[in-house]
$ cat structure20.pdb   # PDB, C-alpha atoms
ATOM      1  CA  MET W   1      31.336 102.210 -52.415
ATOM      2  CA  LYS W   2      34.719 103.342 -53.699
ATOM      3  CA  LYS W   3      35.328 102.289 -57.290
ATOM      4  CA  TYR W   4      38.734 101.097 -58.427
ATOM      5  CA  ILE W   5      39.818 101.688 -62.002
ATOM      6  CA  ASP W   6      42.029  99.452 -64.098
ATOM      7  CA  THR W   7      44.582 101.876 -65.549
ATOM      8  CA  GLY W   8      45.709  99.318 -68.136
ATOM      9  CA  LYS W   9      46.403  95.633 -67.830
ATOM     10  CA  LYS W  10      50.001  94.690 -67.038
ATOM     11  CA  ASP W  11      51.692  91.494 -65.918
ATOM     12  CA  THR W  12      52.950  91.480 -62.355
ATOM     13  CA  ARG W  13      56.284  89.947 -63.403
ATOM     14  CA  SER W  14      56.992  93.205 -65.270
ATOM     15  CA  GLY W  15      56.423  95.049 -62.011
ATOM     16  CA  PHE W  16      59.156  92.903 -60.497
ATOM     17  CA  GLY W  17      61.465  93.658 -63.414
ATOM     18  CA  ALA W  18      60.869  97.389 -63.090
ATOM     19  CA  GLY W  19      61.482  97.303 -59.349
ATOM     20  CA  LEU W  20      64.662  95.267 -59.753
ATOM     21  CA  GLU W  21      66.023  97.695 -62.345
ATOM     22  CA  GLU W  22      65.332 100.629 -60.023
ATOM     23  CA  LEU W  23      67.111  98.836 -57.196
ATOM     24  CA  GLY W  24      70.074  98.278 -59.498
ATOM     25  CA  LYS W  25      70.491 102.021 -59.855
ATOM     26  CA  LYS W  26      70.084 102.931 -56.189
ATOM     27  CA  ASN W  27      71.660 100.032 -54.263
ATOM     28  CA  GLU W  28      74.992  98.626 -55.394
ATOM     29  CA  ASN W  29      74.672  95.689 -53.001
ATOM     30  CA  VAL W  30      71.695  94.294 -54.935
ATOM     31  CA  VAL W  31      72.666  91.379 -57.169
ATOM     32  CA  ALA W  32      70.440  89.206 -59.348
ATOM     33  CA  LEU W  33      70.605  85.514 -60.173
ATOM     34  CA  CYS W  34      68.444  83.752 -62.761
ATOM     35  CA  ALA W  35      67.951  80.101 -63.705
ATOM     36  CA  ASP W  36      67.802  80.434 -67.508
ATOM     37  CA  LEU W  37      64.545  82.440 -67.546
ATOM     38  CA  THR W  38      65.790  86.018 -67.757
ATOM     39  CA  GLY W  39      63.166  87.106 -70.284
ATOM     40  CA  SER W  40      60.297  85.388 -68.496
ATOM     41  CA  LEU W  41      61.252  87.037 -65.207
ATOM     42  CA  LYS W  42      61.719  90.445 -66.904
ATOM     43  CA  MET W  43      65.279  90.683 -65.593
ATOM     44  CA  ASP W  44      66.776  91.839 -68.906
ATOM     45  CA  ALA W  45      67.058  95.505 -67.941
ATOM     46  CA  PHE W  46      69.022  94.664 -64.798
ATOM     47  CA  LYS W  47      71.225  92.242 -66.744
ATOM     48  CA  ASN W  48      71.963  94.761 -69.496
ATOM     49  CA  ASN W  49      72.603  97.744 -67.232
ATOM     50  CA  HIS W  50      74.397  95.964 -64.398
ATOM     51  CA  PRO W  51      76.117  92.960 -66.013
ATOM     52  CA  GLU W  52      78.734  92.754 -63.260
ATOM     53  CA  ARG W  53      75.949  92.103 -60.741
ATOM     54  CA  PHE W  54      73.933  89.626 -62.794
ATOM     55  CA  PHE W  55      74.571  85.869 -62.666
ATOM     56  CA  GLN W  56      73.028  83.456 -65.162
ATOM     57  CA  VAL W  57      73.277  80.089 -63.434
ATOM     58  CA  GLY W  58      71.428  78.029 -66.054
ATOM     59  CA  ILE W  59      68.946  75.307 -65.219
ATOM     60  CA  ALA W  60      70.507  74.743 -61.797
ATOM     61  CA  GLU W  61      68.068  76.153 -59.289
ATOM     62  CA  ALA W  62      69.552  74.436 -56.244
ATOM     63  CA  ASN W  63      72.959  75.865 -57.096
ATOM     64  CA  MET W  64      71.371  79.302 -57.523
ATOM     65  CA  ILE W  65      69.952  79.249 -53.984
ATOM     66  CA  GLY W  66      73.298  78.111 -52.569
ATOM     67  CA  MET W  67      75.143  80.862 -54.429
ATOM     68  CA  ALA W  68      72.654  83.459 -53.216
ATOM     69  CA  ALA W  69      73.034  82.334 -49.602
ATOM     70  CA  GLY W  70      76.803  82.623 -49.902
ATOM     71  CA  MET W  71      76.640  86.099 -51.383
ATOM     72  CA  THR W  72      74.814  87.433 -48.343
ATOM     73  CA  ILE W  73      77.886  86.703 -46.217
ATOM     74  CA  GLY W  74      79.724  89.364 -48.189
ATOM     75  CA  GLY W  75      76.946  91.887 -47.643
ATOM     76  CA  LYS W  76      75.187  91.427 -50.970
ATOM     77  CA  ILE W  77      71.384  91.399 -51.304
ATOM     78  CA  PRO W  78      70.653  88.615 -53.809
ATOM     79  CA  PHE W  79      67.391  88.415 -55.758
ATOM     80  CA  THR W  80      66.852  84.978 -57.317
ATOM     81  CA  GLY W  81      64.466  84.546 -60.237
ATOM     82  CA  THR W  82      62.685  81.582 -61.787
ATOM     83  CA  PHE W  83      59.188  80.079 -61.999
ATOM     84  CA  ALA W  84      57.403  79.607 -58.666
ATOM     85  CA  ASN W  85      57.436  75.826 -59.044
ATOM     86  CA  PHE W  86      61.210  75.787 -59.468
ATOM     87  CA  SER W  87      61.698  78.530 -56.847
ATOM     88  CA  THR W  88      60.140  76.407 -54.114
ATOM     89  CA  GLY W  89      59.356  72.763 -54.832
ATOM     90  CA  ARG W  90      62.574  71.993 -56.691
ATOM     91  CA  VAL W  91      64.827  73.684 -54.132
ATOM     92  CA  TYR W  92      62.991  73.332 -50.828
ATOM     93  CA  ASP W  93      65.894  71.613 -49.111
ATOM     94  CA  GLN W  94      68.357  74.324 -50.125
ATOM     95  CA  ILE W  95      65.971  77.085 -49.014
ATOM     96  CA  ARG W  96      65.331  75.394 -45.694
ATOM     97  CA  GLN W  97      68.936  74.544 -44.869
ATOM     98  CA  SER W  98      70.964  77.342 -46.492
ATOM     99  CA  VAL W  99      68.567  80.292 -46.324
ATOM    100  CA  ALA W 100      65.819  79.966 -43.697
ATOM    101  CA  TYR W 101      67.723  78.029 -41.018
ATOM    102  CA  SER W 102      70.519  80.589 -40.919
ATOM    103  CA  GLY W 103      68.328  83.615 -41.662
ATOM    104  CA  LYS W 104      70.169  84.589 -44.835
ATOM    105  CA  ASN W 105      69.098  87.822 -46.541
ATOM    106  CA  VAL W 106      67.977  86.148 -49.788
ATOM    107  CA  LYS W 107      64.997  87.404 -51.797
ATOM    108  CA  ILE W 108      63.365  84.448 -53.573
ATOM    109  CA  CYS W 109      61.366  85.989 -56.428
ATOM    110  CA  ALA W 110      58.917  83.657 -58.133
ATOM    111  CA  SER W 111      56.928  84.212 -61.298
ATOM    112  CA  HIS W 112      54.332  82.111 -63.168
ATOM    113  CA  ALA W 113      52.579  81.036 -59.966
ATOM    114  CA  GLY W 114      49.129  79.468 -59.743
ATOM    115  CA  LEU W 115      46.587  78.453 -62.361
ATOM    116  CA  THR W 116      47.032  81.654 -64.375
ATOM    117  CA  LEU W 117      50.259  80.243 -65.772
ATOM    118  CA  GLY W 118      47.736  78.715 -68.136
ATOM    119  CA  GLU W 119      48.652  76.433 -70.987
ATOM    120  CA  ASP W 120      51.910  75.175 -69.446
ATOM    121  CA  GLY W 121      49.790  72.843 -67.333
ATOM    122  CA  ALA W 122      49.785  71.160 -63.951
ATOM    123  CA  THR W 123      53.523  70.431 -63.759
ATOM    124  CA  HIS W 124      54.272  74.157 -63.731
ATOM    125  CA  GLN W 125      51.154  75.551 -61.993
ATOM    126  CA  ILE W 126      52.291  75.296 -58.410
ATOM    127  CA  LEU W 127      49.398  75.761 -55.975
ATOM    128  CA  GLU W 128      51.183  74.867 -52.757
ATOM    129  CA  ASP W 129      54.118  77.294 -52.719
ATOM    130  CA  LEU W 130      52.667  79.750 -50.201
ATOM    131  CA  GLY W 131      52.177  76.906 -47.746
ATOM    132  CA  LEU W 132      55.691  75.584 -48.295
ATOM    133  CA  MET W 133      57.221  78.989 -47.694
ATOM    134  CA  LYS W 134      55.065  80.205 -44.803
ATOM    135  CA  MET W 135      55.925  77.120 -42.756
ATOM    136  CA  LEU W 136      59.619  77.998 -42.781
ATOM    137  CA  PRO W 137      60.572  79.843 -39.585
ATOM    138  CA  GLY W 138      61.614  83.427 -40.247
ATOM    139  CA  MET W 139      60.447  83.483 -43.876
ATOM    140  CA  THR W 140      58.437  86.512 -44.995
ATOM    141  CA  VAL W 141      55.851  85.597 -47.650
ATOM    142  CA  ILE W 142      54.415  88.175 -50.061
ATOM    143  CA  ASN W 143      51.849  87.716 -52.857
ATOM    144  CA  THR W 144      51.129  90.900 -54.817
ATOM    145  CA  CYS W 145      47.997  91.827 -56.745
ATOM    146  CA  ASP W 146      49.081  94.056 -59.658
ATOM    147  CA  TYR W 147      52.007  95.678 -61.477
ATOM    148  CA  ASN W 148      52.289  98.726 -59.218
ATOM    149  CA  GLN W 149      52.146  96.718 -56.011
ATOM    150  CA  THR W 150      54.701  94.197 -57.280
ATOM    151  CA  LYS W 151      57.143  96.982 -58.130
ATOM    152  CA  ALA W 152      56.611  98.577 -54.718
ATOM    153  CA  ALA W 153      57.080  95.232 -52.964
ATOM    154  CA  THR W 154      60.311  94.538 -54.869
ATOM    155  CA  LEU W 155      61.717  97.843 -53.634
ATOM    156  CA  ALA W 156      60.506  97.230 -50.082
ATOM    157  CA  ILE W 157      61.970  93.768 -49.617
ATOM    158  CA  ALA W 158      65.464  95.061 -50.408
ATOM    159  CA  GLU W 159      65.206  97.105 -47.208
ATOM    160  CA  HIS W 160      63.980  94.134 -45.160
ATOM    161  CA  ASP W 161      66.665  92.150 -43.365
ATOM    162  CA  GLY W 162      65.928  88.457 -43.736
ATOM    163  CA  PRO W 163      64.669  85.862 -46.203
ATOM    164  CA  VAL W 164      61.657  86.758 -48.350
ATOM    165  CA  TYR W 165      59.475  84.827 -50.782
ATOM    166  CA  LEU W 166      57.905  87.182 -53.333
ATOM    167  CA  ARG W 167      55.227  85.587 -55.535
ATOM    168  CA  PHE W 168      53.821  87.091 -58.750
ATOM    169  CA  GLY W 169      52.396  85.953 -62.080
ATOM    170  CA  ARG W 170      52.515  85.677 -65.834
ATOM    171  CA  PRO W 171      49.272  87.098 -67.286
ATOM    172  CA  LYS W 172      48.351  90.712 -67.803
ATOM    173  CA  VAL W 173      45.892  91.686 -65.079
ATOM    174  CA  ALA W 174      44.179  94.852 -63.896
ATOM    175  CA  ASN W 175      46.579  97.521 -62.603
ATOM    176  CA  PHE W 176      44.594  99.466 -60.017
ATOM    177  CA  THR W 177      46.705 100.242 -56.944
ATOM    178  CA  PRO W 178      48.498 103.616 -56.644
ATOM    179  CA  GLU W 179      51.724 104.064 -58.554
ATOM    180  CA  ASP W 180      53.274 105.942 -55.621
ATOM    181  CA  GLN W 181      52.076 103.561 -52.893
ATOM    182  CA  ASN W 182      54.023 102.930 -49.718
ATOM    183  CA  PHE W 183      54.389  99.165 -49.432
ATOM    184  CA  GLU W 184      54.513  98.133 -45.796
ATOM    185  CA  ILE W 185      55.393  94.495 -45.200
ATOM    186  CA  GLY W 186      52.841  92.811 -42.932
ATOM    187  CA  LYS W 187      50.266  95.605 -43.209
ATOM    188  CA  ALA W 188      46.926  94.806 -44.867
ATOM    189  CA  VAL W 189      45.271  97.368 -47.140
ATOM    190  CA  GLN W 190      41.553  97.966 -46.708
ATOM    191  CA  LEU W 191      40.099  98.766 -50.129
ATOM    192  CA  THR W 192      36.382  99.121 -49.387
ATOM    193  CA  GLU W 193      34.189  99.515 -46.329
ATOM    194  CA  GLY W 194      31.257  97.246 -45.593
ATOM    195  CA  ASN W 195      29.098  95.806 -42.853
ATOM    196  CA  ASP W 196      27.738  92.554 -44.277
ATOM    197  CA  VAL W 197      30.787  90.465 -45.215
ATOM    198  CA  THR W 198      34.570  90.690 -45.111
ATOM    199  CA  ILE W 199      36.408  89.534 -48.242
ATOM    200  CA  VAL W 200      40.083  88.875 -47.565
ATOM    201  CA  ALA W 201      41.939  88.386 -50.853
ATOM    202  CA  THR W 202      45.497  88.057 -52.103
ATOM    203  CA  GLY W 203      47.268  88.174 -55.460
ATOM    204  CA  HIS W 204      45.172  88.036 -58.619
ATOM    205  CA  LEU W 205      42.034  87.460 -56.539
ATOM    206  CA  VAL W 206      42.098  90.999 -55.101
ATOM    207  CA  TRP W 207      40.735  92.497 -58.334
ATOM    208  CA  GLU W 208      38.150  89.714 -58.522
ATOM    209  CA  ALA W 209      37.123  90.536 -54.944
ATOM    210  CA  LEU W 210      36.580  94.165 -55.903
ATOM    211  CA  GLN W 211      34.422  93.117 -58.851
ATOM    212  CA  ALA W 212      32.465  90.839 -56.529
ATOM    213  CA  ALA W 213      31.953  93.702 -54.071
ATOM    214  CA  GLU W 214      30.462  95.843 -56.854
ATOM    215  CA  THR W 215      28.044  93.063 -57.801
ATOM    216  CA  LEU W 216      27.037  92.555 -54.174
ATOM    217  CA  ALA W 217      26.491  96.301 -53.734
ATOM    218  CA  GLU W 218      23.967  96.236 -56.563
ATOM    219  CA  GLU W 219      22.006  93.755 -54.445
ATOM    220  CA  GLY W 220      22.264  95.853 -51.288
ATOM    221  CA  ILE W 221      25.071  93.822 -49.699
ATOM    222  CA  THR W 222      28.097  95.811 -48.512
ATOM    223  CA  ALA W 223      31.445  93.997 -48.587
ATOM    224  CA  GLU W 224      34.642  95.073 -46.873
ATOM    225  CA  VAL W 225      37.507  94.072 -49.170
ATOM    226  CA  ILE W 226      40.956  93.674 -47.635
ATOM    227  CA  ASN W 227      44.094  93.207 -49.734
ATOM    228  CA  ILE W 228      46.411  90.830 -47.898
ATOM    229  CA  HIS W 229      49.659  91.196 -49.827
ATOM    230  CA  THR W 230      51.696  89.721 -46.973
ATOM    231  CA  ILE W 231      50.717  86.165 -46.089
ATOM    232  CA  LYS W 232      53.366  86.048 -43.370
ATOM    233  CA  PRO W 233      53.523  87.965 -41.102
ATOM    234  CA  LEU W 234      49.740  88.160 -41.355
ATOM    235  CA  ASP W 235      47.949  91.351 -40.297
ATOM    236  CA  ALA W 236      45.678  89.613 -37.792
ATOM    237  CA  ASP W 237      44.518  92.889 -36.242
ATOM    238  CA  ALA W 238      43.059  94.159 -39.535
ATOM    239  CA  ILE W 239      41.227  90.891 -40.155
ATOM    240  CA  ILE W 240      39.759  90.693 -36.657
ATOM    241  CA  ALA W 241      38.696  94.348 -36.695
ATOM    242  CA  SER W 242      36.819  93.838 -39.956
ATOM    243  CA  VAL W 243      35.133  90.586 -38.941
ATOM    244  CA  LYS W 244      33.983  92.205 -35.705
ATOM    245  CA  LYS W 245      31.972  94.553 -37.932
ATOM    246  CA  THR W 246      30.705  92.059 -40.493
ATOM    247  CA  GLY W 247      30.441  88.793 -38.569
ATOM    248  CA  CYS W 248      31.702  86.601 -41.412
ATOM    249  CA  VAL W 249      34.560  86.288 -43.905
ATOM    250  CA  VAL W 250      35.399  84.943 -47.354
ATOM    251  CA  THR W 251      39.055  84.267 -48.160
ATOM    252  CA  ALA W 252      40.152  84.276 -51.797
ATOM    253  CA  GLU W 253      43.460  83.046 -53.207
ATOM    254  CA  GLU W 254      44.987  81.384 -56.262
ATOM    255  CA  HIS W 255      46.356  78.538 -54.163
ATOM    256  CA  ASN W 256      45.339  75.299 -52.527
ATOM    257  CA  TYR W 257      42.942  75.849 -49.626
ATOM    258  CA  LEU W 258      45.265  73.577 -47.639
ATOM    259  CA  GLY W 259      48.148  75.673 -46.349
ATOM    260  CA  GLY W 260      47.296  79.013 -47.915
ATOM    261  CA  LEU W 261      45.876  82.365 -46.846
ATOM    262  CA  GLY W 262      42.517  80.860 -45.905
ATOM    263  CA  GLU W 263      44.030  78.532 -43.343
ATOM    264  CA  SER W 264      46.064  81.362 -41.828
ATOM    265  CA  VAL W 265      42.900  83.456 -41.465
ATOM    266  CA  ALA W 266      41.013  80.484 -39.998
ATOM    267  CA  ARG W 267      43.741  80.004 -37.394
ATOM    268  CA  VAL W 268      43.513  83.647 -36.351
ATOM    269  CA  LEU W 269      39.729  83.611 -36.115
ATOM    270  CA  SER W 270      39.490  80.253 -34.348
ATOM    271  CA  THR W 271      41.805  81.433 -31.579
ATOM    272  CA  GLU W 272      40.746  85.091 -31.348
ATOM    273  CA  TYR W 273      37.232  85.647 -32.750
ATOM    274  CA  PRO W 274      35.418  82.596 -34.196
ATOM    275  CA  ASN W 275      33.031  83.396 -37.046
ATOM    276  CA  PRO W 276      31.779  81.714 -40.242
ATOM    277  CA  GLN W 277      34.278  81.494 -43.107
ATOM    278  CA  GLU W 278      34.112  80.353 -46.727
ATOM    279  CA  PHE W 279      37.154  79.517 -48.842
ATOM    280  CA  ILE W 280      37.768  80.507 -52.468
ATOM    281  CA  ALA W 281      40.782  78.417 -53.449
ATOM    282  CA  THR W 282      41.619  75.184 -55.244
ATOM    283  CA  LYS W 283      40.333  72.160 -53.386
ATOM    284  CA  ASP W 284      43.321  69.832 -52.911
ATOM    285  CA  THR W 285      43.911  69.368 -56.625
ATOM    286  CA  PHE W 286      46.497  69.936 -59.318
ATOM    287  CA  GLY W 287      45.746  72.238 -62.219
ATOM    288  CA  GLU W 288      45.594  71.478 -65.945
ATOM    289  CA  SER W 289      46.218  73.108 -69.308
ATOM    290  CA  GLY W 290      43.900  75.896 -70.447
ATOM    291  CA  THR W 291      43.701  79.638 -70.737
ATOM    292  CA  PRO W 292      43.898  81.554 -67.450
ATOM    293  CA  GLU W 293      40.254  82.597 -67.816
ATOM    294  CA  GLN W 294      39.068  79.024 -68.461
ATOM    295  CA  LEU W 295      40.981  77.698 -65.474
ATOM    296  CA  MET W 296      39.863  80.406 -63.075
ATOM    297  CA  GLU W 297      36.278  79.703 -64.106
ATOM    298  CA  LYS W 298      36.561  75.920 -63.799
ATOM    299  CA  TYR W 299      38.268  76.028 -60.403
ATOM    300  CA  GLY W 300      36.013  78.756 -59.043
ATOM    301  CA  LEU W 301      38.607  81.483 -58.612
ATOM    302  CA  ASN W 302      36.725  84.540 -59.849
ATOM    303  CA  ALA W 303      34.275  87.262 -58.903
ATOM    304  CA  LYS W 304      31.249  85.060 -59.556
ATOM    305  CA  SER W 305      32.449  82.468 -57.066
ATOM    306  CA  ILE W 306      33.275  85.140 -54.491
ATOM    307  CA  VAL W 307      29.751  86.543 -54.793
ATOM    308  CA  ALA W 308      28.252  83.092 -54.236
ATOM    309  CA  ALA W 309      30.535  82.397 -51.269
ATOM    310  CA  SER W 310      29.677  85.781 -49.746
ATOM    311  CA  LYS W 311      25.949  85.088 -49.892
ATOM    312  CA  LYS W 312      26.494  81.638 -48.426
ATOM    313  CA  VAL W 313      28.613  82.820 -45.514
ATOM    314  CA  ILE W 314      26.157  85.624 -44.693
ATOM    315  CA  GLN W 315      23.439  82.980 -44.297
ATOM    316  CA  ARG W 316      25.666  81.185 -41.766
ATOM    317  CA  LYS W 317      25.877  84.138 -39.385
TER
END

$ encode --input "structure20.pdb" --output "structure tokens"
Amino acid sequence: MKKYIDTGKKDTRSGFGAGLEELGKKNENVVALCADLTGSLKMDAFKNNHPERFFQVGIAEANMIGMAAGMTIGGKIPFTGTFANFSTGRVYDQIRQSVAYSGKNVKICASHAGLTLGEDGATHQILEDLGLMKMLPGMTVINTCDYNQTKAATLAIAEHDGPVYLRFGRPKVANFTPEDQNFEIGKAVQLTEGNDVTIVATGHLVWEALQAAETLAEEGITAEVINIHTIKPLDADAIIASVKKTGCVVTAEEHNYLGGLGESVARVLSTEYPNPQEFIATKDTFGESGTPEQLMEKYGLNAKSIVAASKKVIQRK
């Protein structure tokens, strides 16, 4: 089995910041808006080097989305930045009415998503944002797994015409995807080959899935790990092709099992190729305060849980 190496832990929000700064140099139509969290979103470099294209709107997220929608009419490509909870839940009406309904070319960039926000607690740990965004017609939904992929995705969405929700996180996590990768929206990335179980993972759970695959390999179980960085449009063909080989699937995400990646995969399989599935996700609950590691352990979002789910789903074949 191919081994993936962590080249040095980095936070995915810094990947966004690096991508945004590169866009600032190469595309004069890119503008950035932030809701009083410039440092947290790693938007300082863009602000300092392109001050005429940076807009600090303060704690006024709804106004930020409205401004961004308006800027697209003049040909600008606005990137909005705040925490995932404030990027979606607080401004859902504005996104639905001003961005999605009219297909505005706004890039909604959301940091501090999921349980790994950690000590800030349940009020900030949004676990339903992917579901909120994927249900909006025409919205592209992306959830990246490491620094390199987040930077590549940030560059790619500037070339995509239409609204995008880009989700990333706060903690430093393994950085293992290629620095020079070609990020293709809607195209899954197969990381390992296997015949016993398919593990479809997104975001921070991709690295955990790889660790789980190594553990399973030691027990003679081969897992095919697929990195689903784009929740919508979902690469159904890649999922079906893998499950046709393995006969079962585990989905893994840092999100509620209601409305997330797992449900999207279940819809595809139920209509195209029904097979057993197990879900690694939060089970219809809010989070709580704690370190990212403590919370991922308590809510079962780690390699150990993926291993257990893989063995369980194999028994259901």

$ residues_around --input "structure20.pdb" --residues "Glu253 (chain W)" --least-positions-apart "2" --cutoff "12 Å" --atoms "all atoms listed in the file" --output "ChimeraX atom specification"
/W:113-116,127-128,130-131,143-145,199-209,227-229,231,250-251,255-265,278-283,296,299-303,305-306

$ residues_around --input "structure20.pdb" --residues "Gly19 (chain W)" --least-positions-apart "4" --cutoff "10 Å" --atoms "only C-alpha atoms" --output "list in words"
Arg13, Ser14, Gly15, Leu23, Gly24, Met43, Phe46, Tyr147, Asn148, Gln149, Thr150, Lys151, Ala152, Ala153, Thr154, Leu155 and Ala156 of chain W

$ closest_residue --input "structure20.pdb" --among "W:Asp11, W:Asp93, W:Glu28, W:Glu184" --to "Thr230 (chain W)" --atoms "all atoms listed in the file"
W:Glu184

$ atom_distance --input "structure20.pdb" --atom1 "CA of Met133 (chain W)" --atom2 "CA of Tyr92 (chain W)"
8.7 Å

$ axis_aligned_box --input "structure20.pdb" --around "region 285-292 of chain W" --padding-each-side "6 Å" --output "JSON"
{"center_x": 45.1, "center_y": 75.5, "center_z": -63.7, "size_x": 14.8, "size_y": 24.2, "size_z": 26.1}

$ atom_distance --input "structure20.pdb" --atom1 "CA of Ile77 (chain W)" --atom2 "CA of Pro233 (chain W)"
20.9 Å

$ atom_distance --input "structure20.pdb" --atom1 "CA of Leu132 (chain W)" --atom2 "CA of Pro163 (chain W)"
13.8 Å

$ residues_near_point --input "structure20.pdb" --point "(36.3, 83.6, -40.3)" --cutoff "9 Å" --atoms "all atoms listed in the file" --output "JSON, numbers by chain"
{"W": [198, 239, 240, 243, 247, 248, 249, 250, 251, 262, 265, 266, 267, 268, 269, 270, 273, 274, 275, 276, 277, 278]}

$ closest_residue --input "structure20.pdb" --among "W:Pro137, W:Gly39, W:Gly89, W:Gly81" --to "Leu166 (chain W)" --atoms "all atoms listed in the file"
W:Gly81

$ resolve_selection --input "structure20.pdb" --expression "the PyMOL selection byres ((chain W and resi 65) around 10)" --output "ChimeraX atom specification"
/W:33-35,60-64,66-71,78-81,87,91-95,98-99,106-108

$ residues_around --input "structure20.pdb" --residues "Lys76 (chain W)" --least-positions-apart "5" --cutoff "7 Å" --atoms "only C-alpha atoms" --output "list of chain:residue names"
W:Asn29, W:Val30, W:Val31, W:Met71

$ closest_residue --input "structure20.pdb" --among "W:Ile73, W:Met1, W:Ala18, W:Ile226" --to "Leu191 (chain W)" --atoms "only C-alpha atoms"
W:Ile226

$ closest_residue --input "structure20.pdb" --among "W:Lys134, W:Lys104, W:Arg53, W:His112" --to "Leu37 (chain W)" --atoms "all atoms listed in the file"
W:His112

$ decode --input "structure20.pdb" --residues "region 260-272 of chain W" --atoms "N, CA, C and O atoms" --output "PDB file, in the first residue's frame"
ATOM      1  N   GLY W 260     -24.656  15.586   5.334  1.00  0.00           N
ATOM      2  CA  GLY W 260     -23.269  15.728   4.924  1.00  0.00           C
ATOM      3  C   GLY W 260     -22.868  14.836   3.764  1.00  0.00           C
ATOM      4  O   GLY W 260     -23.693  14.394   2.957  1.00  0.00           O
ATOM      5  N   LEU W 261     -21.562  14.547   3.700  1.00  0.00           N
ATOM      6  CA  LEU W 261     -21.020  13.689   2.648  1.00  0.00           C
ATOM      7  C   LEU W 261     -21.659  12.313   2.668  1.00  0.00           C
ATOM      8  O   LEU W 261     -22.006  11.757   1.622  1.00  0.00           O
ATOM      9  N   GLY W 262     -21.809  11.736   3.858  1.00  0.00           N
ATOM     10  CA  GLY W 262     -22.352  10.386   3.970  1.00  0.00           C
ATOM     11  C   GLY W 262     -23.715  10.246   3.332  1.00  0.00           C
ATOM     12  O   GLY W 262     -23.983   9.256   2.633  1.00  0.00           O
ATOM     13  N   GLU W 263     -24.575  11.220   3.540  1.00  0.00           N
ATOM     14  CA  GLU W 263     -25.904  11.154   2.940  1.00  0.00           C
ATOM     15  C   GLU W 263     -25.832  11.284   1.426  1.00  0.00           C
ATOM     16  O   GLU W 263     -26.595  10.642   0.707  1.00  0.00           O
ATOM     17  N   SER W 264     -24.924  12.108   0.925  1.00  0.00           N
ATOM     18  CA  SER W 264     -24.771  12.238  -0.521  1.00  0.00           C
ATOM     19  C   SER W 264     -24.313  10.913  -1.133  1.00  0.00           C
ATOM     20  O   SER W 264     -24.808  10.497  -2.189  1.00  0.00           O
ATOM     21  N   VAL W 265     -23.376  10.245  -0.469  1.00  0.00           N
ATOM     22  CA  VAL W 265     -22.900   8.946  -0.951  1.00  0.00           C
ATOM     23  C   VAL W 265     -24.030   7.919  -0.887  1.00  0.00           C
ATOM     24  O   VAL W 265     -24.219   7.118  -1.810  1.00  0.00           O
ATOM     25  N   ALA W 266     -24.789   7.929   0.199  1.00  0.00           N
ATOM     26  CA  ALA W 266     -25.902   6.985   0.348  1.00  0.00           C
ATOM     27  C   ALA W 266     -26.947   7.176  -0.751  1.00  0.00           C
ATOM     28  O   ALA W 266     -27.508   6.198  -1.262  1.00  0.00           O
ATOM     29  N   ARG W 267     -27.189   8.422  -1.121  1.00  0.00           N
ATOM     30  CA  ARG W 267     -28.149   8.682  -2.207  1.00  0.00           C
ATOM     31  C   ARG W 267     -27.650   8.085  -3.518  1.00  0.00           C
ATOM     32  O   ARG W 267     -28.415   7.448  -4.259  1.00  0.00           O
ATOM     33  N   VAL W 268     -26.377   8.276  -3.811  1.00  0.00           N
ATOM     34  CA  VAL W 268     -25.802   7.734  -5.035  1.00  0.00           C
ATOM     35  C   VAL W 268     -25.899   6.211  -5.052  1.00  0.00           C
ATOM     36  O   VAL W 268     -26.347   5.605  -6.037  1.00  0.00           O
ATOM     37  N   LEU W 269     -25.491   5.585  -3.947  1.00  0.00           N
ATOM     38  CA  LEU W 269     -25.489   4.126  -3.914  1.00  0.00           C
ATOM     39  C   LEU W 269     -26.909   3.553  -3.932  1.00  0.00           C
ATOM     40  O   LEU W 269     -27.161   2.532  -4.572  1.00  0.00           O
ATOM     41  N   SER W 270     -27.821   4.182  -3.232  1.00  0.00           N
ATOM     42  CA  SER W 270     -29.185   3.640  -3.164  1.00  0.00           C
ATOM     43  C   SER W 270     -29.873   3.660  -4.520  1.00  0.00           C
ATOM     44  O   SER W 270     -30.724   2.809  -4.813  1.00  0.00           O
ATOM     45  N   THR W 271     -29.505   4.621  -5.362  1.00  0.00           N
ATOM     46  CA  THR W 271     -30.143   4.724  -6.675  1.00  0.00           C
ATOM     47  C   THR W 271     -29.359   4.013  -7.771  1.00  0.00           C
ATOM     48  O   THR W 271     -29.928   3.639  -8.801  1.00  0.00           O
ATOM     49  N   GLU W 272     -28.040   3.828  -7.571  1.00  0.00           N
ATOM     50  CA  GLU W 272     -27.205   3.279  -8.635  1.00  0.00           C
ATOM     51  C   GLU W 272     -26.621   1.894  -8.332  1.00  0.00           C
ATOM     52  O   GLU W 272     -26.527   1.042  -9.215  1.00  0.00           O
TER      53      GLU W 272
END
